[in-house]
Amino acid sequence: MKIKIGLGYDIHRLSRGKDLYLGGVKIPHPAGLVGHSDGDCLVHALIDALLGAVGETDIGRLFPDTDPAFKGIRSTLLLGKVMSRLRRCRVEVLNADVVVVAQAPKLAPLIETMKDTLCPILGVARDRLGIKAKTNEGLGIIGREKAVACWAVVLVEEKAGKKA
């Protein structure tokens, strides 16, 4: 058995008239994240952290924005695909911690709903997924409400007898 850690980061621009998805939850807001998929940078950061923990490629190579199959896809479906891949390799998520930085909307009231969405996909209990929402105190592109960024760290366990 091996314990491994992975770190992920993602940032997406906001655009008026698009749906905003964060942590797998559709959030009422006049602007949404621009991306080939639904742009859910929280889930994208989690995916990159998971892939990094097991020494695999990043989200952009696994689900390229040149592939029409991923156009507009919900990021939670991509997370499910990554988790299936990890389970086949006998990798279990022990803990995940996420920081999302958005000037608006206020995300704290939605964190429990995000956990309701993400915990079953990750296969973790609620106390093994931390989600924190921060503003950027009005600074930079995030502070001007032009983008949302997210950092994620995961701890995984690779069970003995890992399959190729």
# chains A, B, ... in the order shown; residues from 1 in each chain; ligands from 1
$ residues_around --residues "region 22-38 of chain A" --least-positions-apart "6" --cutoff "7 Å" --atoms "only C-alpha atoms" --output "list in words"
His12, Arg13, Leu14, Ser15, Arg16, Asp65, Phe70, Lys71, Gly72, Ile73, Arg74, Ser75, Thr76, Pro105, Met114, Thr117 and Leu118 of chain A
$ closest_residue --among "A:Ala160, A:Met83, A:Leu62, A:Ile11" --to "Pro120 (chain A)" --atoms "only C-alpha atoms"
A:Met83
$ closest_residue --among "A:Val91, A:Leu107, A:Leu86, A:Ala49" --to "Met1 (chain A)" --atoms "only C-alpha atoms"
A:Val91
$ residues_around --residues "Ile111 (chain A)" --least-positions-apart "5" --cutoff "9 Å" --atoms "only C-alpha atoms" --output "PyMOL selection string"
chain A and resi 23+116+131-133
$ closest_residue --among "A:Gln103, A:Thr135, A:Thr57, A:Asn95" --to "Val154 (chain A)" --atoms "only C-alpha atoms"
A:Asn95
$ closest_residue --among "A:His44, A:Arg144, A:Lys18, A:Lys106" --to "Gly60 (chain A)" --atoms "only C-alpha atoms"
A:His44
$ atom_distance --atom1 "CA of Val82 (chain A)" --atom2 "CA of Ala102 (chain A)"
25.5 Å
$ closest_residue --among "A:Pro109, A:Gly161, A:Gly123, A:Pro64" --to "Cys89 (chain A)" --atoms "only C-alpha atoms"
A:Gly161
$ residues_around --residues "region 50-53 of chain A" --least-positions-apart "5" --cutoff "12 Å" --atoms "only C-alpha atoms" --output "PyMOL selection string"
chain A and resi 2-9+43-45+58-62+78-87+89+91-97+122+152-158
$ select_by_dssp --residues "region 5-156 of chain A" --states "strand (DSSP E or B)" --output "VMD selection string"
chain A and resid 5 to 16 20 to 22 25 to 27 31 to 33 91 to 101 129 to 134 147 to 156
$ select_by_dssp --residues "region 15-141 of chain A" --states "alpha helix (DSSP H)" --output "MDAnalysis selection string"
chainID A and resid 41:53 59:62 75:88 111:122 140:141
$ atom_distance --atom1 "CA of Leu46 (chain A)" --atom2 "CA of Gly143 (chain A)"
22.5 Å
$ atom_distance --atom1 "CA of Asp127 (chain A)" --atom2 "CA of Leu77 (chain A)"
22.6 Å
$ decode --residues "region 115-133 of chain A" --atoms "N, CA and C atoms" --output "short mmCIF file (atom, residue, chain, number, x, y, z; two decimals), in the first residue's frame"
data_model
loop_
_atom_site.label_atom_id
_atom_site.label_comp_id
_atom_site.auth_asym_id
_atom_site.auth_seq_id
_atom_site.Cartn_x
_atom_site.Cartn_y
_atom_site.Cartn_z
N LYS A 115 -20.80 19.41 -1.41
CA LYS A 115 -20.37 18.16 -0.78
C LYS A 115 -21.36 17.03 -1.09
N ASP A 116 -22.66 17.34 -1.07
CA ASP A 116 -23.68 16.34 -1.41
C ASP A 116 -23.45 15.80 -2.81
N THR A 117 -22.99 16.64 -3.71
CA THR A 117 -22.75 16.26 -5.10
C THR A 117 -21.43 15.49 -5.26
N LEU A 118 -20.37 15.99 -4.63
CA LEU A 118 -19.02 15.45 -4.89
C LEU A 118 -18.64 14.24 -4.05
N CYS A 119 -19.09 14.17 -2.81
CA CYS A 119 -18.69 13.05 -1.94
C CYS A 119 -19.04 11.68 -2.53
N PRO A 120 -20.24 11.47 -3.06
CA PRO A 120 -20.53 10.15 -3.64
C PRO A 120 -19.65 9.82 -4.86
N ILE A 121 -19.31 10.82 -5.65
CA ILE A 121 -18.44 10.57 -6.81
C ILE A 121 -17.04 10.20 -6.35
N LEU A 122 -16.53 10.93 -5.36
CA LEU A 122 -15.18 10.66 -4.84
C LEU A 122 -15.13 9.42 -3.97
N GLY A 123 -16.29 8.99 -3.47
CA GLY A 123 -16.34 7.83 -2.58
C GLY A 123 -15.81 8.15 -1.19
N VAL A 124 -16.07 9.37 -0.73
CA VAL A 124 -15.59 9.77 0.60
C VAL A 124 -16.75 10.25 1.46
N ALA A 125 -16.57 10.14 2.76
CA ALA A 125 -17.53 10.71 3.71
C ALA A 125 -17.37 12.23 3.71
N ARG A 126 -18.40 12.91 4.16
CA ARG A 126 -18.42 14.37 4.16
C ARG A 126 -17.24 14.97 4.94
N ASP A 127 -16.80 14.28 6.00
CA ASP A 127 -15.71 14.84 6.80
C ASP A 127 -14.34 14.61 6.14
N ARG A 128 -14.35 14.03 4.94
CA ARG A 128 -13.09 13.82 4.21
C ARG A 128 -12.98 14.71 2.97
N LEU A 129 -13.93 15.63 2.85
CA LEU A 129 -13.88 16.63 1.77
C LEU A 129 -14.04 18.01 2.37
N GLY A 130 -13.00 18.80 2.26
CA GLY A 130 -13.06 20.19 2.71
C GLY A 130 -13.24 21.10 1.51
N ILE A 131 -14.16 22.04 1.61
CA ILE A 131 -14.35 23.05 0.57
C ILE A 131 -14.42 24.40 1.26
N LYS A 132 -13.52 25.28 0.87
CA LYS A 132 -13.51 26.63 1.42
C LYS A 132 -13.70 27.62 0.29
N ALA A 133 -14.47 28.68 0.56
CA ALA A 133 -14.69 29.74 -0.41
C ALA A 133 -14.03 31.02 0.09
#
